[in-house]
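Text of model-v7.cif (mmCIF, C-alpha atoms and all ligand atoms) as supplied:
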```
data_target
loop_
_atom_site.label_atom_id
_atom_site.label_comp_id
_atom_site.auth_asym_id
_atom_site.auth_seq_id
_atom_site.Cartn_x
_atom_site.Cartn_y
_atom_site.Cartn_z
CA MET G 1 -0.14 -23.31 11.52
CA ALA G 2 0.63 -21.62 14.84
CA HIS G 3 -2.02 -18.93 14.46
CA ARG G 4 -4.76 -21.51 13.93
CA LEU G 5 -3.75 -23.45 17.01
CA LEU G 6 -3.58 -20.29 19.07
CA GLY G 7 -7.06 -19.29 17.95
CA ARG G 8 -8.46 -22.74 18.70
CA LEU G 9 -6.97 -22.85 22.20
CA ALA G 10 -8.02 -19.34 23.16
CA TYR G 11 -11.40 -18.96 21.51
CA GLY G 12 -12.81 -22.36 20.59
CA SER G 13 -15.01 -22.16 17.52
CA ARG G 14 -16.89 -19.01 18.47
CA TYR G 15 -15.22 -16.79 15.86
CA ASP G 16 -14.81 -19.37 13.07
CA ARG G 17 -17.47 -17.89 10.83
CA ILE G 18 -15.99 -14.41 10.85
CA PRO G 19 -13.80 -13.82 7.77
CA TRP G 20 -10.09 -14.14 8.56
CA GLY G 21 -9.46 -10.51 7.65
CA GLN G 22 -11.70 -9.45 10.55
CA ARG G 23 -11.19 -12.23 13.07
CA VAL G 24 -7.84 -10.98 14.37
CA TYR G 25 -9.36 -7.57 15.12
CA VAL G 26 -12.41 -8.81 17.01
CA ARG G 27 -11.18 -11.67 19.19
CA PRO G 28 -10.68 -10.29 22.71
CA GLY G 29 -7.06 -9.65 23.63
CA GLU G 30 -5.67 -10.88 20.34
CA ARG G 31 -4.20 -7.55 19.25
CA LEU G 32 -1.99 -7.43 22.34
CA VAL G 33 -0.87 -11.02 21.86
CA ARG G 34 0.03 -10.39 18.22
CA GLU G 35 1.94 -7.22 19.07
CA ALA G 36 3.93 -9.06 21.72
CA GLN G 37 4.63 -11.81 19.17
CA TRP G 38 5.87 -9.24 16.68
CA ARG G 39 8.16 -7.57 19.21
CA ARG G 40 9.64 -10.93 20.07
CA LEU G 41 10.14 -11.78 16.40
CA THR G 42 11.91 -8.51 15.56
CA ARG G 43 14.04 -8.72 18.70
CA ARG G 44 15.14 -12.27 17.99
CA ALA G 45 15.73 -12.13 14.24
CA PRO G 46 19.49 -11.86 13.62
CA VAL G 47 20.95 -8.58 12.36
CA MET G 48 23.42 -9.21 9.54
CA GLU G 49 25.90 -7.15 7.58
CA LEU G 50 24.91 -6.91 3.92
CA ALA G 51 28.07 -8.81 2.88
CA ASP G 52 27.05 -11.77 5.04
CA TYR G 53 23.43 -11.59 3.94
CA ARG G 54 24.53 -11.79 0.29
CA GLN G 55 26.12 -15.17 1.00
CA LEU G 56 22.78 -16.43 2.21
CA ARG G 57 20.66 -15.76 -0.87
CA PRO G 58 21.08 -16.78 -4.49
CA LEU G 59 20.71 -13.86 -6.90
CA LYS G 60 18.63 -14.18 -10.10
CA GLU G 61 19.78 -12.28 -13.15
CA ASN G 62 16.96 -9.71 -12.90
CA GLU G 63 17.64 -9.02 -9.20
CA GLU G 64 19.91 -6.86 -7.07
CA PHE G 65 20.77 -6.52 -3.38
CA LEU G 66 19.65 -3.33 -1.65
CA SER G 67 20.40 -1.34 1.49
CA CYS G 68 17.48 0.36 3.20
CA MET G 69 16.17 3.04 0.86
CA MET G 70 14.57 5.03 3.66
CA CYS G 71 17.57 5.49 5.98
CA GLY G 72 20.55 4.02 4.10
CA ASP G 73 21.29 1.34 6.70
CA PRO G 74 22.87 -1.63 4.90
CA ARG G 75 22.20 -4.09 7.73
CA GLN G 76 19.64 -6.84 7.18
CA GLN G 77 17.21 -8.59 9.44
CA PRO G 78 15.75 -11.57 7.59
CA LEU G 79 12.11 -12.05 8.60
CA PHE G 80 10.03 -14.01 6.11
CA SER G 81 10.17 -15.94 2.87
CA PRO G 82 6.64 -15.72 1.52
CA GLY G 83 5.74 -17.65 -1.60
CA GLY G 84 2.98 -19.14 -3.66
CA ASN G 85 2.36 -20.86 -6.92
CA GLY G 86 5.81 -20.84 -8.57
CA TRP G 87 7.27 -17.83 -6.75
CA ARG G 88 9.10 -17.06 -3.52
CA TYR G 89 11.02 -14.07 -2.22
CA HIS G 90 12.71 -12.90 0.97
CA VAL G 91 11.53 -10.04 3.16
CA VAL G 92 13.99 -8.24 5.43
CA ARG G 93 13.52 -5.57 8.07
CA CYS G 94 15.84 -2.59 8.40
CA PRO G 95 17.16 -2.64 12.00
CA GLY G 96 17.71 1.13 11.73
CA CYS G 97 14.21 2.35 10.82
CA GLY G 98 11.99 -0.74 10.66
CA PHE G 99 11.35 -0.57 6.89
CA LEU G 100 10.29 -3.91 5.36
CA TYR G 101 11.47 -4.76 1.86
CA ARG G 102 12.17 -7.60 -0.47
CA ASN G 103 15.88 -8.42 -0.69
CA PRO G 104 17.14 -9.29 -3.23
CA ASN G 105 14.83 -6.93 -5.11
CA ILE G 106 13.93 -6.57 -8.79
CA ARG G 107 16.31 -4.42 -10.85
CA PRO G 108 14.28 -1.42 -12.01
CA GLU G 109 15.19 -1.83 -15.66
CA ARG G 110 13.69 -5.32 -15.48
CA LEU G 111 10.45 -4.27 -13.84
CA GLY G 112 8.67 -4.38 -17.19
CA ASP G 113 9.14 -8.18 -17.18
CA LEU G 114 6.61 -8.45 -14.36
CA TYR G 115 3.92 -6.58 -16.29
CA ALA G 116 4.73 -7.19 -19.95
CA THR G 117 2.31 -10.03 -20.55
CA GLY G 118 -0.63 -11.57 -18.82
CA TYR G 119 -0.77 -8.99 -16.07
CA HIS G 120 -3.91 -7.15 -17.01
CA THR G 121 -6.57 -7.50 -14.36
CA PHE G 122 -9.68 -9.55 -14.94
CA LEU G 123 -12.57 -7.20 -15.29
CA THR G 124 -15.33 -9.46 -14.08
CA GLY G 125 -18.30 -7.52 -12.76
CA ASN G 126 -17.58 -8.35 -9.13
CA TYR G 127 -13.91 -7.47 -9.25
CA ALA G 128 -14.55 -4.12 -10.89
CA ALA G 129 -17.40 -3.29 -8.52
CA ASN G 130 -15.33 -4.14 -5.43
CA ARG G 131 -12.38 -2.09 -6.63
CA GLN G 132 -14.52 0.90 -7.41
CA ARG G 133 -16.24 0.64 -4.04
CA ARG G 134 -12.79 0.70 -2.40
CA TYR G 135 -11.84 3.84 -4.37
CA GLU G 136 -15.09 5.55 -3.42
CA LEU G 137 -14.65 4.69 0.27
CA THR G 138 -11.11 6.03 0.25
CA MET G 139 -12.15 9.31 -1.37
CA LYS G 140 -14.94 9.56 1.17
CA ALA G 141 -12.45 9.06 4.01
CA PHE G 142 -10.59 12.17 2.79
CA SER G 143 -13.68 14.20 1.97
CA PRO G 144 -13.94 16.94 0.74
CA VAL G 145 -10.60 16.69 -1.11
CA PHE G 146 -11.93 14.47 -3.93
CA ASP G 147 -15.58 15.53 -3.95
CA GLU G 148 -15.43 17.92 -6.87
CA GLY G 149 -13.14 17.52 -9.87
CA LYS G 150 -14.12 20.48 -11.98
CA GLU G 151 -11.13 22.45 -13.32
CA ARG G 152 -8.71 20.11 -11.58
CA ARG G 153 -6.11 17.99 -13.33
CA LEU G 154 -5.59 14.46 -12.05
CA LEU G 155 -2.91 11.88 -12.82
CA ASP G 156 -3.54 8.23 -11.91
CA PHE G 157 -0.13 6.58 -11.77
CA GLY G 158 -0.42 2.84 -12.50
CA SER G 159 -3.92 3.28 -13.86
CA GLY G 160 -4.43 -0.37 -14.90
CA ALA G 161 -7.69 -0.98 -16.71
CA GLY G 162 -8.98 2.51 -15.90
CA LEU G 163 -11.38 1.61 -13.10
CA PHE G 164 -10.40 4.64 -11.04
CA LEU G 165 -10.17 6.99 -14.00
CA GLU G 166 -13.75 6.13 -14.78
CA LEU G 167 -14.79 7.45 -11.35
CA ALA G 168 -12.53 10.49 -11.69
CA GLU G 169 -14.16 11.32 -15.02
CA ARG G 170 -17.57 11.08 -13.43
CA ARG G 171 -16.55 13.57 -10.74
CA GLY G 172 -15.47 16.02 -13.38
CA PHE G 173 -11.68 15.70 -13.10
CA ASP G 174 -9.55 16.41 -16.15
CA ALA G 175 -7.90 13.01 -15.76
CA CYS G 176 -5.16 10.98 -17.37
CA GLY G 177 -3.28 7.84 -16.44
CA VAL G 178 -0.11 5.96 -17.14
CA ASP G 179 0.65 2.23 -16.81
CA LEU G 180 3.32 -0.29 -17.76
CA SER G 181 0.96 -2.90 -19.18
CA PRO G 182 -0.02 -2.29 -22.83
CA GLU G 183 -3.05 -4.59 -22.53
CA SER G 184 -4.39 -2.64 -19.56
CA VAL G 185 -3.89 0.69 -21.28
CA ALA G 186 -5.77 -0.51 -24.35
CA GLN G 187 -8.59 -1.81 -22.16
CA ALA G 188 -8.73 1.46 -20.20
CA ASN G 189 -8.93 3.64 -23.27
CA GLU G 190 -11.86 1.58 -24.48
CA ARG G 191 -13.91 2.18 -21.35
CA LEU G 192 -13.07 5.86 -20.82
CA SER G 193 -14.65 8.82 -22.57
CA THR G 194 -12.74 11.99 -21.64
CA ALA G 195 -9.81 10.57 -19.65
CA ARG G 196 -6.82 9.15 -21.51
CA THR G 197 -4.22 6.58 -20.51
CA TYR G 198 -0.72 6.07 -21.82
CA CYS G 199 1.74 3.21 -21.78
CA GLY G 200 5.25 3.83 -20.51
CA ALA G 201 7.13 6.14 -18.15
CA PRO G 202 5.65 9.56 -17.24
CA ASP G 203 8.66 11.37 -18.70
CA GLU G 204 7.93 9.91 -22.13
CA VAL G 205 4.40 11.34 -22.32
CA PRO G 206 4.40 15.11 -22.98
CA GLU G 207 0.94 15.63 -21.46
CA ILE G 208 2.22 14.15 -18.19
CA ALA G 209 5.84 15.33 -18.22
CA GLY G 210 4.64 18.96 -18.28
CA GLY G 211 3.23 18.53 -14.77
CA GLY G 212 0.77 20.95 -13.21
CA PHE G 213 -1.43 18.28 -11.60
CA ASP G 214 -3.75 19.13 -8.72
CA VAL G 215 -4.07 15.47 -7.75
CA ILE G 216 -1.91 12.40 -8.24
CA THR G 217 -3.27 9.00 -7.18
CA LEU G 218 -1.37 5.79 -6.46
CA TRP G 219 -3.86 2.94 -6.05
CA SER G 220 -2.01 -0.16 -4.86
CA VAL G 221 1.11 1.01 -6.67
CA LEU G 222 3.53 2.14 -3.96
CA ALA G 223 4.55 -1.40 -3.00
CA HIS G 224 5.52 -2.06 -6.64
CA LEU G 225 8.06 0.78 -7.00
CA PRO G 226 11.73 -0.28 -7.08
CA ARG G 227 13.05 3.33 -6.88
CA PRO G 228 10.51 5.09 -4.68
CA LEU G 229 12.69 8.14 -3.93
CA ASP G 230 13.15 8.93 -7.63
CA ASP G 231 9.45 8.40 -8.31
CA PHE G 232 8.32 10.58 -5.42
CA ARG G 233 10.67 13.41 -6.36
CA ARG G 234 9.08 13.24 -9.78
CA PHE G 235 5.53 13.22 -8.34
CA ARG G 236 6.43 16.26 -6.26
CA ARG G 237 7.62 18.05 -9.39
CA LEU G 238 4.51 17.08 -11.33
CA LEU G 239 2.18 18.55 -8.69
CA ALA G 240 0.87 22.08 -9.08
CA PRO G 241 1.07 24.47 -6.10
CA GLY G 242 -1.60 23.33 -3.62
CA GLY G 243 -1.52 19.78 -5.03
CA VAL G 244 -2.10 16.51 -3.17
CA LEU G 245 -0.99 12.91 -3.63
CA LEU G 246 -3.21 10.02 -2.57
CA ILE G 247 -1.75 6.62 -1.66
CA LEU G 248 -3.48 3.34 -0.97
CA THR G 249 -1.08 0.53 -0.10
CA VAL G 250 -0.73 -2.46 2.20
CA ASN G 251 0.12 -1.48 5.77
CA ALA G 252 3.32 -2.94 7.25
CA ARG G 253 1.91 -2.21 10.71
CA SER G 254 -1.11 -4.40 9.95
CA THR G 255 -2.20 -6.60 12.82
CA LEU G 256 -2.86 -9.27 10.19
CA LEU G 257 0.82 -9.24 9.20
CA LYS G 258 1.74 -9.69 12.85
CA ALA G 259 -0.67 -12.62 13.08
CA TYR G 260 -0.05 -14.40 9.80
CA GLY G 261 3.62 -13.63 9.08
CA PRO G 262 4.72 -15.01 5.70
CA ALA G 263 1.11 -15.96 4.88
CA TRP G 264 -0.04 -12.32 5.08
CA ASN G 265 -2.02 -11.27 2.01
CA GLY G 266 0.17 -8.16 1.59
CA PHE G 267 3.02 -10.39 0.45
CA THR G 268 1.87 -10.75 -3.15
CA LYS G 269 4.02 -11.89 -6.03
CA ASN G 270 4.91 -8.45 -7.42
CA HIS G 271 5.20 -6.42 -4.23
CA LEU G 272 8.67 -5.04 -3.58
CA MET G 273 8.45 -2.80 -0.50
CA PHE G 274 6.08 -2.62 2.46
CA TYR G 275 5.42 0.74 4.11
CA SER G 276 4.11 1.67 7.53
CA PRO G 277 2.87 5.11 8.59
CA GLU G 278 6.40 5.82 9.90
CA THR G 279 8.29 4.81 6.76
CA VAL G 280 5.86 6.50 4.39
CA ARG G 281 6.44 9.73 6.34
CA THR G 282 10.18 9.28 5.83
CA LEU G 283 9.63 8.78 2.10
CA LEU G 284 7.47 11.91 1.79
CA GLY G 285 9.81 14.02 3.92
CA LEU G 286 12.86 13.01 1.88
CA THR G 287 11.16 13.90 -1.38
CA GLY G 288 9.96 17.40 -0.58
CA PHE G 289 6.37 17.03 0.61
CA ALA G 290 5.18 19.45 3.30
CA GLY G 291 2.64 17.35 5.21
CA VAL G 292 0.74 14.11 5.48
CA ALA G 293 -2.61 12.86 6.83
CA PHE G 294 -3.84 9.31 7.37
CA ALA G 295 -7.27 7.69 7.28
CA HIS G 296 -7.56 4.36 9.09
CA HIS G 297 -8.71 1.43 6.97
CA TYR G 298 -11.29 -0.75 8.68
CA GLY G 299 -12.02 -2.92 5.69
CA ASP G 300 -14.36 -2.26 2.78
CA THR G 301 -17.36 -4.22 4.05
CA ILE G 302 -17.16 -2.55 7.47
CA GLU G 303 -17.03 0.91 5.93
CA ALA G 304 -19.73 0.16 3.38
CA GLY G 305 -21.95 -1.21 6.16
CA THR G 306 -22.31 -4.64 4.51
CA ALA G 307 -20.23 -6.69 6.98
CA ARG G 308 -22.10 -9.48 8.75
CA LEU G 309 -20.80 -8.55 12.19
CA SER G 310 -22.78 -7.51 15.23
CA VAL G 311 -22.61 -3.86 16.21
CA PRO G 312 -20.40 -4.52 19.29
CA LEU G 313 -17.94 -6.50 17.17
CA VAL G 314 -17.76 -3.73 14.56
CA ARG G 315 -17.05 -1.30 17.38
CA ARG G 316 -14.32 -3.56 18.74
CA LEU G 317 -12.77 -3.95 15.29
CA ARG G 318 -12.65 -0.20 14.76
CA ARG G 319 -11.14 0.37 18.17
CA ASN G 320 -8.41 -2.20 17.62
CA VAL G 321 -7.51 -0.72 14.24
CA GLU G 322 -7.24 2.73 15.77
CA LEU G 323 -5.27 1.71 18.85
CA SER G 324 -2.61 -0.05 16.80
CA ASP G 325 -2.57 1.93 13.54
CA GLY G 326 -3.02 -1.65 12.40
CA GLY G 327 -5.55 -1.67 9.56
CA ASN G 328 -4.59 -4.01 6.76
CA MET G 329 -4.33 -1.20 4.22
CA MET G 330 -2.87 2.27 4.66
CA ARG G 331 -4.55 5.36 3.22
CA VAL G 332 -2.33 8.38 2.96
CA LEU G 333 -2.86 11.93 1.73
CA ALA G 334 0.35 13.86 1.09
CA PHE G 335 0.38 17.65 0.77
CA ALA G 336 2.82 19.19 -1.69
CA ASP G 337 3.28 22.49 0.12
CA GLU G 338 1.86 24.90 2.68
CA GLU G 339 -0.75 26.03 0.20
CA ALA G 340 -2.10 22.46 0.01
CA ILE G 341 -2.17 22.18 3.81
CA GLY G 342 -3.98 25.51 4.02
CA ARG G 343 -6.54 24.44 1.44
CA TRP G 344 -7.32 20.92 2.64
CA GLY G 345 -6.01 20.60 6.18
CA GLY G 346 -8.36 21.13 9.09
CA GLY G 347 -11.77 19.51 9.35
CA PRO G 348 -11.47 15.89 10.41
CA LEU G 349 -8.00 15.53 8.86
CA THR G 350 -4.99 15.72 11.16
CA VAL G 351 -2.04 16.99 9.16
CA HIS G 352 1.45 16.09 10.32
CA ARG G 353 4.11 18.47 9.04
CA LEU G 354 7.17 16.91 7.43
CA ASN G 355 10.38 18.76 7.92
CA ALA G 356 13.10 17.45 5.69
ZN ZN G 401 16.13 1.95 7.32
#
```
Go ahead and render the structure in this file as structure tokens.
Amino acid sequence: MAHRLLGRLAYGSRYDRIPWGQRVYVRPGERLVREAQWRRLTRRAPVMELADYRQLRPLKENEEFLSCMMCGDPRQQPLFSPGGNGWRYHVVRCPGCGFLYRNPNIRPERLGDLYATGYHTFLTGNYAANRQRRYELTMKAFSPVFDEGKERRLLDFGSGAGLFLELAERRGFDACGVDLSPESVAQANERLSTARTYCGAPDEVPEIAGGGFDVITLWSVLAHLPRPLDDFRRFRRLLAPGGVLLILTVNARSTLLKAYGPAWNGFTKNHLMFYSPETVRTLLGLTGFAGVAFAHHYGDTIEAGTARLSVPLVRRLRRNVELSDGGNMMRVLAFADEEAIGRWGGGPLTVHRLNA
């Protein structure tokens, strides 16, 4: 692999024992090299009309071809064909706005296929603990928005086995969730005491369809949505005045993506679209949100203080994430309206206004 050779030539073995998710951020000069590589890649990749691109790719019966959902540009820039055990898909870049998405994509009415069976997450102690630590760190990054849940209604969209709802309950939120996997919903309802989860679409559940939520959370869900504009218009409607929407998703500006290309860990089997801070702003602006704030993601072990890196290397990692907006995950807080900005903006959060 090119990245391994590059690392070997430039750095010898000095950084071999640092986990790969951190190495790219701490090796001197690597961020600039990877950014130059990325610019070259996006400049050189051919730009094709959709009609020509269609000729290039076979279409499975549960798939469809898309134009860019963020700006409507039908042109395609093929970038990567990531794959793994028994799966492969094609990732294109929109030459108009830079949005990355899978094309062909999954037809929304067939999305259930991906989650119908065998998709429920394994709740081994470690997995659950790591997930919950990630949720806690993200809430902390946006403190004080999630500190106190009393008298606030929360919807966790794509609630899985209820690991987040369990934390929300503990903080006093009046919480409910919705998910496509029946096994996960059953598992969640077993572990929860006051929160409830439902299987299906939000419109089918009266408690959810009525709206009035103070908080909606999307934990690793955004990349799975085949019709993000429809979903976000719905989320906007479901939010009460002053409400906020929290997103955790893989970051298409990640320096790791620039370094590892098709082998990036954000290209997982069921991911459909890959957002950057720019394209998530477009999505929120198009769907009626008033503002957005970001919290850099430095990695869970760095933020929890359990990483085995020296202090100078931690400092270097943080600096490189900040300079490039290039953390591997993206943490986004969207504000429904001016009231929400007034209530939660200020403090350490920088709110960018979105004018549709
Ligand atoms: Zn576009």
Residue contacts of region 124-138 of chain G (7 Å, only C-alpha atoms) excluding same-chain residues fewer than 2 positions away, as a tab-separated table (two decimals) with C-alpha atoms, keeping the file's coordinate frame:
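Listed below is the output, out.tsv:
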```
chain	number	residue	atom	x	y	z
G	122	PHE	CA	-9.68	-9.55	-14.94
G	140	LYS	CA	-14.94	9.56	1.17
G	141	ALA	CA	-12.45	9.06	4.01
G	142	PHE	CA	-10.59	12.17	2.79
G	163	LEU	CA	-11.38	1.61	-13.10
G	164	PHE	CA	-10.40	4.64	-11.04
G	300	ASP	CA	-14.36	-2.26	2.78
```
Neighbour list for region 202-213 of chain G as a PDB file with C-alpha atoms, keeping the file's coordinate frame, cut-off 6 Å, only C-alpha atoms, skip fewer than 2 positions in-chain:
```
ATOM      1  CA  ARG G 153      -6.110  17.990 -13.330  1.00  0.00           C
ATOM      2  CA  LEU G 154      -5.590  14.460 -12.050  1.00  0.00           C
ATOM      3  CA  VAL G 215      -4.070  15.470  -7.750  1.00  0.00           C
ATOM      4  CA  LEU G 238       4.510  17.080 -11.330  1.00  0.00           C
ATOM      5  CA  LEU G 239       2.180  18.550  -8.690  1.00  0.00           C
ATOM      6  CA  ALA G 240       0.870  22.080  -9.080  1.00  0.00           C
TER       7      ALA G 240
END
```
At a cut-off of 7 Å and counting all atoms listed in the file, what residues surround ligand ZN 401 (chain G)? Please answer as number ranges by chain. G: 68-73, 94-99
Excluding Ala293 (chain G) and residues on its chain fewer than 6 positions from it, collect all residues at most 6 Å away from it, counting all atoms listed in the file, and give them as an NGL selection string. :G and (332-333 or 350-351)
Output file for the residues above (C-alpha atoms, as a compact mmCIF listing (two decimals), keeping the file's coordinate frame):
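Result file again30.txt:
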```txt
# COMPACT_ATOMS: atom_id res chain seq x y z
CA VAL G 332 -2.33 8.38 2.96
CA LEU G 333 -2.86 11.93 1.73
CA THR G 350 -4.99 15.72 11.16
CA VAL G 351 -2.04 16.99 9.16
```
Rounded to one decimal, what separation in Å do you get between CA of Met330 (chain G) and CA of Pro277 (chain G)?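 So the answer is 7.5 Å.
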Just checking: using all atoms listed in the file, which residue out of G:Glu35, G:Met273, G:Arg4, G:Gly160 ends up closest to Asn189 (chain G)?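 Of all the options, G:Gly160 lies closest to Asn189 (chain G).
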Considering all atoms listed in the file, return as a list in words whatever protein or nucleic-acid residues lie within 7 Å of region 45-62 of chain G, sequence-local ones (same chain, fewer than 5 positions apart) excluded.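 Once the nearby chain positions are removed, what remains is Pro74, Arg75, Gln76, Gln77, Pro78, Leu79, Pro104, Ile106, Arg107 and Arg110 of chain G.
A straight line drawn from CA of Val321 (chain G) to CA of Ala36 (chain G) is 16.0 Å long.
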Find the residues near Leu192 (chain G): any atom within 8 Å, counting all atoms listed in the file, skip ones fewer than 4 places away on the same chain, and give them as a PDB file with C-alpha atoms, in the coordinates of the input.
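Once written, around-v2.pdb looks like this:
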```pdb
ATOM      1  CA  GLY G 162      -8.980   2.510 -15.900  1.00  0.00           C
ATOM      2  CA  LEU G 165     -10.170   6.990 -14.000  1.00  0.00           C
ATOM      3  CA  GLU G 166     -13.750   6.130 -14.780  1.00  0.00           C
ATOM      4  CA  ALA G 188      -8.730   1.460 -20.200  1.00  0.00           C
ATOM      5  CA  ARG G 196      -6.820   9.150 -21.510  1.00  0.00           C
TER       6      ARG G 196
END
```
Rank nothing, just name the residue among G:Arg253, G:Ala10, G:Cys176, G:Trp87 nearest to Val33 (chain G), using all atoms listed in the file. G:Ala10
Between CA of Pro182 (chain G) and CA of Asp113 (chain G), what is the spacing in Å? 12.3 Å
Out of G:Gly285, G:Pro19, G:Pro144, G:Pro82, which residue has the shortest atom-to-atom distance to Asn265 (chain G) when counting all atoms listed in the file?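 When distances to Asn265 (chain G) are compared using all atoms listed in the file, the smallest one comes from G:Pro82.
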Using only C-alpha atoms, what residues lie at most 7 Å away from (-6.8, -10.7, 13.2) (file coordinates), given as a list in words? Trp20, Gly21, Gln22, Arg23, Val24, Tyr25, Thr255, Leu256 and Ala259 of chain G
The selected residues should be written to file as a PDB file, in the coordinates of the input (atoms: C-alpha atoms).
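Contents of again_24.pdb, as written:
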```pdb
ATOM      1  CA  TRP G  20     -10.090 -14.140   8.560  1.00  0.00           C
ATOM      2  CA  GLY G  21      -9.460 -10.510   7.650  1.00  0.00           C
ATOM      3  CA  GLN G  22     -11.700  -9.450  10.550  1.00  0.00           C
ATOM      4  CA  ARG G  23     -11.190 -12.230  13.070  1.00  0.00           C
ATOM      5  CA  VAL G  24      -7.840 -10.980  14.370  1.00  0.00           C
ATOM      6  CA  TYR G  25      -9.360  -7.570  15.120  1.00  0.00           C
ATOM      7  CA  THR G 255      -2.200  -6.600  12.820  1.00  0.00           C
ATOM      8  CA  LEU G 256      -2.860  -9.270  10.190  1.00  0.00           C
ATOM      9  CA  ALA G 259      -0.670 -12.620  13.080  1.00  0.00           C
TER      10      ALA G 259
END
```
Pick from G:Arg319, G:Arg170, G:His224, G:Arg93 nearest to Leu248 (chain G), counting all atoms listed in the file: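 Once distances to Leu248 (chain G) are computed over all atoms listed in the file, the minimum belongs to G:His224.
The smallest atom-to-atom distance between Leu32 (chain G) and any of G:Asn320, G:Leu257, G:Phe335, G:Arg308, using all atoms listed in the file, is found for G:Asn320.
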Residue among G:Arg88, G:Arg316, G:His352, G:Arg40 lying closest to Arg281 (chain G), counting all atoms listed in the file: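 The answer is G:His352, which sits nearest to Arg281 (chain G).
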Which protein, DNA or RNA residues are at most 8 Å from (11.7, -8.8, -0.9) in the file's coordinates when you count all atoms listed in the file, listed as a list in words?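 The distance filter leaves exactly Tyr89, His90, Val91, Val92, Tyr101, Arg102, Asn103, Pro104, Asn105, His271, Leu272 and Met273 of chain G.
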